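*Asks:* Here you go, one structure.
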Amino acid sequence: MNVIEVENLHKRYPNHVAVHDVSFEVSEGEIFGILGPNGAGKTTTVECVSGLRVPDGGTIRVAGIDPHRERDGLRRVLGAQLQSSALPEKIRVWEALDLYASFYPDPADWQELLERVGLGAKRDTMFGKLSGGQRQRLSVALALVGKPRIAVLDELTTGLDPQARRDTWELVEQVRDSGVTIVLVTHFMEEAERLCDRIALIDAGRVAATDSPAGLVARVGGEQRLRFRPSGPVSDAVLLALPEVTDVSRSGRQMVVTGNGNLAHVVTLALAGQQVIPADLRIEQATLDDAFLALTGRKLV
C-alpha cells in the first residue's frame with residue numbers, strides 16, 4: 001500500500017527550476033531515501049510533500065490527503081524534522097516536547113517518548129546546551145509527538161560526528177520498527193545504504209532512478225576493483241591476459257585491477273606465478289556513488 005504518491009511535481013523559483021517532473025511512491029512501513037547532492041531539489045521536494053511549499057505543477061497525496069489543501073488532515077498523519085529547524089536556546093527539553101504535544105488532539109506520551117529517543121537524562125537541559133546528536137534526537141521526538149504514520153527526516157545527520165551519526169541511524173531503525181513510514185533525505189551514501197529499503201536518486205531537480213540500494217548498484221554491473229602494492233615488477237600484460245580482467249592502471253606504486261567473476265582469486269594466482277605478493281590488498285565493489293555517476297554522469301558530492 002502506498003502512503004505517499006508524487007506525480008510530475010514541479011517547483012520553480014524566480015531564478016531557477018528547483019524540481020522538474022519528479023515522480024515517486026512510498027510504501028507503508030518502508031524507509032524511503034531521497035539521495036542527491038546539495039542543491040539537487042531534495043529539500044524542496046519534501047517541503048512540498050510536507051505542505052510547507054505550494055507546488056507549481058503535479059499532484060501529491062499523503063495517505064490520500066492533498067498537503068496543500070488539507071493542512072489539518074496532513075498534520076494528523078505526518079511529522080517532520082526539517083533541515084533548518086531550531087528552537088530557542090533557553091527552552092528546556094521537556095518544555096519543547098510539552099509545547100509540541102499541545103498542538104495535537106491526541107499526542108503521544110512525551111515523557112515515554114523522551115526515554116525512547118535516549119534523552120531521559122536531558123529532560124531539564126536547555127536546547128542550547130545539547131550536543132549535535134542530542135539536538136537531532138530531540139528533533140526526531142518532536143516529529144513523532146503527534147503519533148504520525150509518516151515521518152520526514154531531512155539531512156538528519158549532517159554535522160554529526162561518526163559515533164553520533166551511527167547512534168542516530170539506530171534510532172531511525174527503531175522508529176521504523178515501531179510502524180512509522182520514513183522519508184529520509186540525505187547526501188550520505190553510507191547512510192542511504194544502511195537505512196533505506198528504496199532510494200530515489202535526484203539530480204538537478206529530476207529523478208534519475210528509483211530502486212533498492214542493491215538494485216541501483218546492480219545497474220552499474222558486477223565490476224570489482226583490486227588495489228594493491230606489488231612486491232616486485234609485474235607486467236600489465238600478464239594480468240590483462242586473464243579473462244576476468246578488464247583494465248589495469250597504476251598510481252605511484254599502487255596497481256588497480258578492474259574486472260569481474262572470481263577476480264581476487266585469479267589475480268593473486270597470476271601474481272604468485274610471477275613470485276609477486278600483493279601487499280595492502282583491498283577489494284572494492286561498486287557503490288551507490290558509482291551508480292549515481294553511471295546514471296547522472298557526475299559524482300555525488
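The chains in the C-alpha cells are called A, B, ... from first to last as shown; in each chain the residues are counted from 1, and the ligands are counted from 1 in the order shown.
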Sorted by chain and rising residue number, which residues of stretch 2-31 of chain A lie within 6 Å of stretch 173-187 of chain A, and what are their closest atom pairs and distances in Å to one decimal, counting only C-alpha atoms, as a tab-separated table?
*Replies:*
residue	atom	partner	partner_atom	distance
A:Glu28	CA	A:Thr181	CA	5.7
A:Gly29	CA	A:Thr181	CA	4.5
A:Glu30	CA	A:Thr181	CA	5.4
A:Ile31	CA	A:Ile182	CA	4.7
*Asks:* Stretch 202-290 of chain A: which residues are strand (DSSP E) by DSSP, as a ChimeraX atom specification?
*Replies:* /A:202-203,206-211,224-230,245-251,254-259,278-285
*Asks:* I'd like a table as a Markdown table: residues in stretch 135-216 of chain A with an atom no more than 10 Å from stretch 284-298 of chain A, each row giving the shortest atom pair and its distance in Å to one decimal, only C-alpha atoms counted, sorted by chain and rising residue number.
*Replies:*
| residue | atom | partner | partner_atom | distance |
| --- | --- | --- | --- | --- |
| A:Phe188 | CA | A:Asp289 | CA | 9.7 |
| A:Met189 | CA | A:Leu288 | CA | 6.3 |
| A:Glu190 | CA | A:Leu288 | CA | 8.5 |
| A:Ala192 | CA | A:Leu288 | CA | 8.7 |
| A:Glu193 | CA | A:Leu288 | CA | 7.7 |
| A:Leu201 | CA | A:Phe292 | CA | 7.2 |
| A:Ile202 | CA | A:Thr296 | CA | 9.1 |
| A:Asp203 | CA | A:Thr296 | CA | 7.2 |
| A:Ala204 | CA | A:Thr296 | CA | 9.5 |
| A:Val207 | CA | A:Thr296 | CA | 9.8 |
| A:Ala208 | CA | A:Leu295 | CA | 6.4 |
| A:Ala209 | CA | A:Leu295 | CA | 7.5 |
| A:Pro213 | CA | A:Leu288 | CA | 7.0 |
| A:Ala214 | CA | A:Leu288 | CA | 8.5 |
| A:Gly215 | CA | A:Ala291 | CA | 9.6 |
| A:Leu216 | CA | A:Ala291 | CA | 6.0 |
*Asks:* Which residues, written as a list in words, have at least one atom at most 10 Å from A:Arg116, with only C-alpha atoms counted and residues fewer than 3 positions away on the same chain left out?
*Replies:* Trp110, Gln111, Glu112, Leu113, Leu119, Gly120, Arg137, Ala141, Leu171, Gln174 and Val175 of chain A
*Asks:* Write the residues of the preceding selection, restricted to C-alpha atoms, as an mmCIF file, in the first residue's frame.
*Replies:*
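After the write, out.cif holds the following:
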data_model
loop_
_atom_site.group_PDB
_atom_site.id
_atom_site.type_symbol
_atom_site.label_atom_id
_atom_site.label_comp_id
_atom_site.auth_asym_id
_atom_site.auth_seq_id
_atom_site.Cartn_x
_atom_site.Cartn_y
_atom_site.Cartn_z
ATOM 1 C CA TRP A 110 6.043 12.755 25.513
ATOM 2 C CA GLN A 111 7.665 11.538 28.738
ATOM 3 C CA GLU A 112 7.755 7.998 27.337
ATOM 4 C CA LEU A 113 8.965 9.403 24.002
ATOM 5 C CA LEU A 119 17.051 11.875 26.244
ATOM 6 C CA GLY A 120 15.539 10.963 29.616
ATOM 7 C CA ARG A 137 17.267 13.115 18.800
ATOM 8 C CA ALA A 141 10.998 13.179 19.174
ATOM 9 C CA LEU A 171 17.154 5.486 16.396
ATOM 10 C CA GLN A 174 13.783 1.790 15.921
ATOM 11 C CA VAL A 175 11.235 4.358 14.714
#
*Asks:* Go through A:Leu130, A:Ile150, A:Leu114, A:Val172 one by one, measure the shortest atom-to-atom distance of each to A:Glu89 using only C-alpha atoms, and give the residue with the smallest value.
*Replies:*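 Closest candidate: A:Leu130.
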*Asks:* Enter the distance from atom CA of A:Gln134 to atom CA of A:Pro88, in Å, rounded to one decimal.
*Replies:*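 Straight-line distance from atom CA of A:Gln134 to atom CA of A:Pro88 works out to 15.0 Å.
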*Asks:* How far is it from atom CA of A:Ile34 to atom CA of A:Ile199, in Å with one decimal?
*Replies:*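 Atom-to-atom, atom CA of A:Ile34 and atom CA of A:Ile199 are spaced 5.7 Å apart.
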*Asks:* If you count only C-alpha atoms, which residues fall within 12 Å of A:Pro230, apart from same-chain ones fewer than 5 positions away, as a ChimeraX atom specification?
*Replies:* /A:235-236,250-257,267-268,270-272,274-281
*Asks:* How would the residues just picked look written out with N, CA and C atoms as a PDB file, in the first residue's frame?
*Replies:*
ATOM      1  N   SER A 235      54.188  -7.182 -15.171  1.00  0.00           N
ATOM      2  CA  SER A 235      53.737  -6.578 -16.420  1.00  0.00           C
ATOM      3  C   SER A 235      52.214  -6.498 -16.457  1.00  0.00           C
ATOM      4  N   ASP A 236      51.692  -5.377 -16.951  1.00  0.00           N
ATOM      5  CA  ASP A 236      50.248  -5.250 -17.125  1.00  0.00           C
ATOM      6  C   ASP A 236      49.718  -6.357 -18.019  1.00  0.00           C
ATOM      7  N   ARG A 250      47.812   2.206 -12.885  1.00  0.00           N
ATOM      8  CA  ARG A 250      48.791   2.399 -11.816  1.00  0.00           C
ATOM      9  C   ARG A 250      48.718   3.819 -11.295  1.00  0.00           C
ATOM     10  N   SER A 251      48.950   3.951  -9.986  1.00  0.00           N
ATOM     11  CA  SER A 251      49.052   5.252  -9.340  1.00  0.00           C
ATOM     12  C   SER A 251      50.205   5.183  -8.358  1.00  0.00           C
ATOM     13  N   GLY A 252      51.344   5.703  -8.792  1.00  0.00           N
ATOM     14  CA  GLY A 252      52.548   5.547  -7.986  1.00  0.00           C
ATOM     15  C   GLY A 252      52.930   4.078  -7.902  1.00  0.00           C
ATOM     16  N   ARG A 253      53.091   3.566  -6.698  1.00  0.00           N
ATOM     17  CA  ARG A 253      53.449   2.149  -6.502  1.00  0.00           C
ATOM     18  C   ARG A 253      52.211   1.251  -6.464  1.00  0.00           C
ATOM     19  N   GLN A 254      51.044   1.841  -6.489  1.00  0.00           N
ATOM     20  CA  GLN A 254      49.811   1.059  -6.365  1.00  0.00           C
ATOM     21  C   GLN A 254      49.273   0.646  -7.729  1.00  0.00           C
ATOM     22  N   MET A 255      48.806  -0.605  -7.815  1.00  0.00           N
ATOM     23  CA  MET A 255      48.125  -1.096  -9.004  1.00  0.00           C
ATOM     24  C   MET A 255      46.632  -1.225  -8.713  1.00  0.00           C
ATOM     25  N   VAL A 256      45.837  -0.925  -9.721  1.00  0.00           N
ATOM     26  CA  VAL A 256      44.394  -1.094  -9.628  1.00  0.00           C
ATOM     27  C   VAL A 256      43.954  -1.988 -10.770  1.00  0.00           C
ATOM     28  N   VAL A 257      43.390  -3.152 -10.420  1.00  0.00           N
ATOM     29  CA  VAL A 257      42.950  -4.120 -11.423  1.00  0.00           C
ATOM     30  C   VAL A 257      41.432  -4.180 -11.370  1.00  0.00           C
ATOM     31  N   VAL A 267      43.724 -13.204  -9.929  1.00  0.00           N
ATOM     32  CA  VAL A 267      44.817 -12.229  -9.929  1.00  0.00           C
ATOM     33  C   VAL A 267      45.908 -12.633  -8.949  1.00  0.00           C
ATOM     34  N   THR A 268      45.529 -13.066  -7.745  1.00  0.00           N
ATOM     35  CA  THR A 268      46.553 -13.466  -6.773  1.00  0.00           C
ATOM     36  C   THR A 268      47.311 -14.700  -7.253  1.00  0.00           C
ATOM     37  N   ALA A 270      47.919 -15.425 -10.449  1.00  0.00           N
ATOM     38  CA  ALA A 270      48.812 -14.939 -11.505  1.00  0.00           C
ATOM     39  C   ALA A 270      50.018 -14.231 -10.912  1.00  0.00           C
ATOM     40  N   LEU A 271      49.789 -13.463  -9.865  1.00  0.00           N
ATOM     41  CA  LEU A 271      50.904 -12.780  -9.205  1.00  0.00           C
ATOM     42  C   LEU A 271      51.844 -13.771  -8.541  1.00  0.00           C
ATOM     43  N   ALA A 272      51.271 -14.815  -7.929  1.00  0.00           N
ATOM     44  CA  ALA A 272      52.108 -15.846  -7.292  1.00  0.00           C
ATOM     45  C   ALA A 272      52.990 -16.528  -8.333  1.00  0.00           C
ATOM     46  N   GLN A 274      54.309 -15.155 -10.762  1.00  0.00           N
ATOM     47  CA  GLN A 274      55.408 -14.222 -11.036  1.00  0.00           C
ATOM     48  C   GLN A 274      56.243 -13.959  -9.789  1.00  0.00           C
ATOM     49  N   GLN A 275      55.948 -14.710  -8.715  1.00  0.00           N
ATOM     50  CA  GLN A 275      56.594 -14.536  -7.420  1.00  0.00           C
ATOM     51  C   GLN A 275      56.439 -13.114  -6.881  1.00  0.00           C
ATOM     52  N   VAL A 276      55.225 -12.590  -7.056  1.00  0.00           N
ATOM     53  CA  VAL A 276      54.889 -11.237  -6.594  1.00  0.00           C
ATOM     54  C   VAL A 276      53.795 -11.335  -5.531  1.00  0.00           C
ATOM     55  N   ILE A 277      53.974 -10.614  -4.440  1.00  0.00           N
ATOM     56  CA  ILE A 277      52.989 -10.584  -3.354  1.00  0.00           C
ATOM     57  C   ILE A 277      52.206  -9.274  -3.437  1.00  0.00           C
ATOM     58  N   PRO A 278      50.838  -9.329  -3.409  1.00  0.00           N
ATOM     59  CA  PRO A 278      50.030  -8.096  -3.434  1.00  0.00           C
ATOM     60  C   PRO A 278      49.865  -7.522  -2.025  1.00  0.00           C
ATOM     61  N   ALA A 279      50.747  -6.599  -1.643  1.00  0.00           N
ATOM     62  CA  ALA A 279      50.684  -6.007  -0.308  1.00  0.00           C
ATOM     63  C   ALA A 279      49.521  -5.016  -0.224  1.00  0.00           C
ATOM     64  N   ASP A 280      48.943  -4.905   0.987  1.00  0.00           N
ATOM     65  CA  ASP A 280      47.828  -3.973   1.241  1.00  0.00           C
ATOM     66  C   ASP A 280      46.681  -4.191   0.260  1.00  0.00           C
ATOM     67  N   LEU A 281      46.356  -5.453   0.004  1.00  0.00           N
ATOM     68  CA  LEU A 281      45.308  -5.779  -0.963  1.00  0.00           C
ATOM     69  C   LEU A 281      43.938  -5.353  -0.441  1.00  0.00           C
TER      70      LEU A 281
END
*Asks:* Name the residues of stretch 5-94 of chain A that come out as alpha helix (DSSP H) in a backbone DSSP run; write them as an MDAnalysis selection string.
*Replies:* chainID A and resid 42:49 71:77 93:94
*Asks:* What lies within 6 Å of stretch 58-62 of chain A using only C-alpha atoms, ignoring chain neighbours under 5 positions off, as JSON, numbers by chain?
*Replies:* {"A": [3, 4, 5, 6, 7, 8, 9]}
*Asks:* Write the residues you've just listed into a file as a PDB file, in the first residue's frame, and include N, CA and C atoms for each of them.
*Replies:*
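To be explicit, this is the file written out as selection.pdb:
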ATOM      1  N   VAL A   3       1.627   5.056   0.796  1.00  0.00           N
ATOM      2  CA  VAL A   3       1.150   6.112   1.683  1.00  0.00           C
ATOM      3  C   VAL A   3       1.526   7.492   1.149  1.00  0.00           C
ATOM      4  N   ILE A   4       2.474   7.554   0.218  1.00  0.00           N
ATOM      5  CA  ILE A   4       2.811   8.813  -0.445  1.00  0.00           C
ATOM      6  C   ILE A   4       2.859   8.557  -1.946  1.00  0.00           C
ATOM      7  N   GLU A   5       2.215   9.423  -2.698  1.00  0.00           N
ATOM      8  CA  GLU A   5       2.249   9.345  -4.160  1.00  0.00           C
ATOM      9  C   GLU A   5       2.544  10.739  -4.704  1.00  0.00           C
ATOM     10  N   VAL A   6       3.665  10.863  -5.401  1.00  0.00           N
ATOM     11  CA  VAL A   6       4.072  12.129  -6.011  1.00  0.00           C
ATOM     12  C   VAL A   6       4.147  11.906  -7.513  1.00  0.00           C
ATOM     13  N   GLU A   7       3.458  12.753  -8.257  1.00  0.00           N
ATOM     14  CA  GLU A   7       3.402  12.578  -9.713  1.00  0.00           C
ATOM     15  C   GLU A   7       3.655  13.902 -10.422  1.00  0.00           C
ATOM     16  N   ASN A   8       4.711  13.925 -11.246  1.00  0.00           N
ATOM     17  CA  ASN A   8       5.035  15.072 -12.103  1.00  0.00           C
ATOM     18  C   ASN A   8       5.129  16.387 -11.326  1.00  0.00           C
ATOM     19  N   LEU A   9       5.816  16.324 -10.173  1.00  0.00           N
ATOM     20  CA  LEU A   9       5.947  17.506  -9.327  1.00  0.00           C
ATOM     21  C   LEU A   9       6.880  18.536  -9.962  1.00  0.00           C
TER      22      LEU A   9
END
*Asks:* For A:Gln224, list every protein, DNA or RNA residue within 10 Å, evaluated using only C-alpha atoms, and leave out those in the same chain fewer than 4 positions away; present the list as a list of chain:residue names.
*Replies:*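 The residues that qualify are A:Val245, A:Thr246, A:Val257, A:Thr258, A:Gly259, A:Asn260, A:Gly261, A:Asn262, A:Leu263, A:Ala264, A:Ile283, A:Glu284, A:Gln285, A:Ala286.
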*Asks:* Just write the chosen residues, N, CA and C atoms, as a tab-separated table (two decimals), in the first residue's frame.
*Replies:*
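Here's the written file part.tsv:
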chain	number	residue	atom	x	y	z
A	245	VAL	N	39.88	-10.01	-16.15
A	245	VAL	CA	40.42	-8.65	-16.01
A	245	VAL	C	40.03	-7.80	-17.21
A	246	THR	N	39.48	-6.60	-16.92
A	246	THR	CA	39.09	-5.68	-17.99
A	246	THR	C	39.99	-4.46	-18.08
A	257	VAL	N	43.39	-3.15	-10.42
A	257	VAL	CA	42.95	-4.12	-11.42
A	257	VAL	C	41.43	-4.18	-11.37
A	258	THR	N	40.79	-3.93	-12.49
A	258	THR	CA	39.33	-3.93	-12.58
A	258	THR	C	38.88	-5.17	-13.35
A	259	GLY	N	37.79	-5.77	-12.91
A	259	GLY	CA	37.29	-6.95	-13.62
A	259	GLY	C	36.04	-7.50	-12.97
A	260	ASN	N	35.76	-8.78	-13.22
A	260	ASN	CA	34.56	-9.40	-12.68
A	260	ASN	C	34.83	-10.87	-12.39
A	261	GLY	N	33.77	-11.58	-12.00
A	261	GLY	CA	33.94	-13.00	-11.68
A	261	GLY	C	34.77	-13.18	-10.42
A	262	ASN	N	35.57	-14.23	-10.39
A	262	ASN	CA	36.41	-14.55	-9.22
A	262	ASN	C	37.73	-13.80	-9.35
A	263	LEU	N	37.64	-12.48	-9.42
A	263	LEU	CA	38.79	-11.64	-9.76
A	263	LEU	C	39.95	-11.78	-8.78
A	264	ALA	N	39.67	-11.71	-7.49
A	264	ALA	CA	40.74	-11.74	-6.50
A	264	ALA	C	41.53	-13.04	-6.59
A	283	ILE	N	39.75	-5.11	-1.77
A	283	ILE	CA	38.75	-5.47	-2.78
A	283	ILE	C	37.61	-4.48	-2.67
A	284	GLU	N	37.30	-3.82	-3.79
A	284	GLU	CA	36.25	-2.80	-3.80
A	284	GLU	C	35.14	-3.22	-4.76
A	285	GLN	N	33.90	-3.18	-4.26
A	285	GLN	CA	32.74	-3.44	-5.10
A	285	GLN	C	32.15	-2.12	-5.58
A	286	ALA	N	31.26	-2.18	-6.55
A	286	ALA	CA	30.55	-0.98	-7.00
A	286	ALA	C	29.73	-0.42	-5.84
*Asks:* Using only C-alpha atoms, which of A:Glu244, A:Ser139, A:Gly132, A:Arg123 sits nearest A:Leu160?
*Replies:*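 Selected residue with least distance to A:Leu160: A:Gly132.
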*Asks:* Using only C-alpha atoms for the distances, tell me which of A:Arg92, A:Lys11, A:Arg71, A:Arg76 is nearest to A:Asp56.
*Replies:*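 Among the listed residues, the smallest separation from A:Asp56 belongs to A:Lys11.
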*Asks:* Let me make sure I understand: among A:Ala200, A:Val17, A:Met126, A:Leu52, which one has the smallest atom-to-atom distance to A:Leu74 if we use only C-alpha atoms?
*Replies:*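 Checking each of A:Ala200, A:Val17, A:Met126, A:Leu52 against A:Leu74, counting only C-alpha atoms, the winner is A:Leu52.
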*Asks:* Considering only C-alpha atoms, state which residue in the set A:Lys129, A:Lys147, A:Lys90, A:Arg12 is at the smallest distance from A:Val54.
*Replies:*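 Closest residue, counting only C-alpha atoms: A:Arg12.
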*Asks:* I want to know what sits within 10 Å of A:Gly39, based on only C-alpha atoms, with residues of the same chain fewer than 2 positions away left out; could you give that as a ChimeraX atom specification?
*Replies:* /A:18,36-37,41-44,202-205
*Asks:* From the options A:Met1, A:Leu35, A:Leu138, A:Val46, which residue's atoms come nearest to A:Val19, counting only C-alpha atoms?
*Replies:*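 Distance minimum relative to A:Val19 lands on A:Val46.
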